[in-house]
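Everything on this sheet refers to the single structure shown next.
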Amino acid sequence: MESNIIQHHEYFDFESFYETIRKGYISIDNHDFDLFMNTEGVKHSFIGMADGENRIHDAVTGILSSDSDIIRQASTMIITVIRSLEAKQPLSIKEMQFITDFLSNLSSGCEVIWGLTDDSSLGNKVKVIILINIK
């Protein structure tokens, strides 16, 4: 499938990424990705990464600092939080609460699919991938 995503970061192979996510997590799989890609509209992607006490907050805030107008227009969003199971600092409820707060500020018509998966290479860092579709 040709990936028609305007990437606001270095090139990332989303199709391969979503094909390899293991089952058993709160996950987004290749089926979700295919549905997203086959929905009419303009697709954008954003990737944020952060370390420290407020990793999710910092990763998402980094994305929003330059592209909040695009994200506010989203009609569909896939948000994936990636962390390492081997991290010295596991994800906390406080960190995950930021995702809830972020999603609650989207337009009421925005359909959201979200997931959590792991990547052992991240150490204590957290990566947040946001894919949006604007109809």
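Chain labels run A, B, ... following the order of the structure tokens; each chain numbers its residues from 1, and ligands are numbered from 1 in the order shown.
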
If we count only C-alpha atoms, what is near A:Ile5 at a cut-off of 12 Å, once residues fewer than 5 positions away on the same chain are taken out, given as a PDB file with C-alpha atoms, in the first residue's frame?
```
ATOM      1  CA  TYR A  11      10.678   9.250   7.324  1.00  0.00           C
ATOM      2  CA  PHE A  12       8.955   6.433   9.229  1.00  0.00           C
ATOM      3  CA  ASP A  13       7.524   3.219   7.739  1.00  0.00           C
ATOM      4  CA  PHE A  14       4.102   3.106   9.399  1.00  0.00           C
ATOM      5  CA  GLU A  15       2.805   0.089   7.501  1.00  0.00           C
ATOM      6  CA  PHE A  33      -3.913   1.194   9.995  1.00  0.00           C
ATOM      7  CA  PHE A  36      -7.303   4.638   8.567  1.00  0.00           C
ATOM      8  CA  MET A  37      -5.393   4.799   5.266  1.00  0.00           C
ATOM      9  CA  ASN A  38      -8.495   3.923   3.237  1.00  0.00           C
ATOM     10  CA  GLY A  41      -9.042  12.798   3.638  1.00  0.00           C
ATOM     11  CA  VAL A  42      -5.552  14.237   4.074  1.00  0.00           C
ATOM     12  CA  LYS A  43      -3.316  12.252   6.420  1.00  0.00           C
ATOM     13  CA  HIS A  44      -0.594  13.714   8.648  1.00  0.00           C
ATOM     14  CA  SER A  45       1.802  12.045  11.063  1.00  0.00           C
ATOM     15  CA  PHE A  46       3.663  13.340  14.085  1.00  0.00           C
ATOM     16  CA  ILE A 130      -0.076  10.566  16.240  1.00  0.00           C
ATOM     17  CA  LEU A 131      -1.684   9.916  12.868  1.00  0.00           C
ATOM     18  CA  ILE A 132      -4.516  12.211  11.872  1.00  0.00           C
ATOM     19  CA  ASN A 133      -6.922  12.377   8.994  1.00  0.00           C
ATOM     20  CA  ILE A 134      -8.581  15.629   7.992  1.00  0.00           C
TER      21      ILE A 134
END
```

If you run DSSP on this backbone, which residues of chain A come out as alpha helix (DSSP H), and could you give them as a PyMOL selection string? chain A and resi 14-20+30-37+55-72+93-104

Would you pick out the contacts of A:Ala50 at 12 Å or less, using only C-alpha atoms, so that residues sharing its chain but fewer than 4 positions from it are not included, and give the list as JSON, numbers by chain? {"A": [54, 55, 56, 57, 58, 59, 60, 61, 62, 63, 81, 82, 83, 95, 122, 123, 124, 125, 126, 127, 128, 129]}

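Taking atom CA of A:Ile21 and atom CA of A:Ser120 as the two end points, the separation is 12.7 Å.
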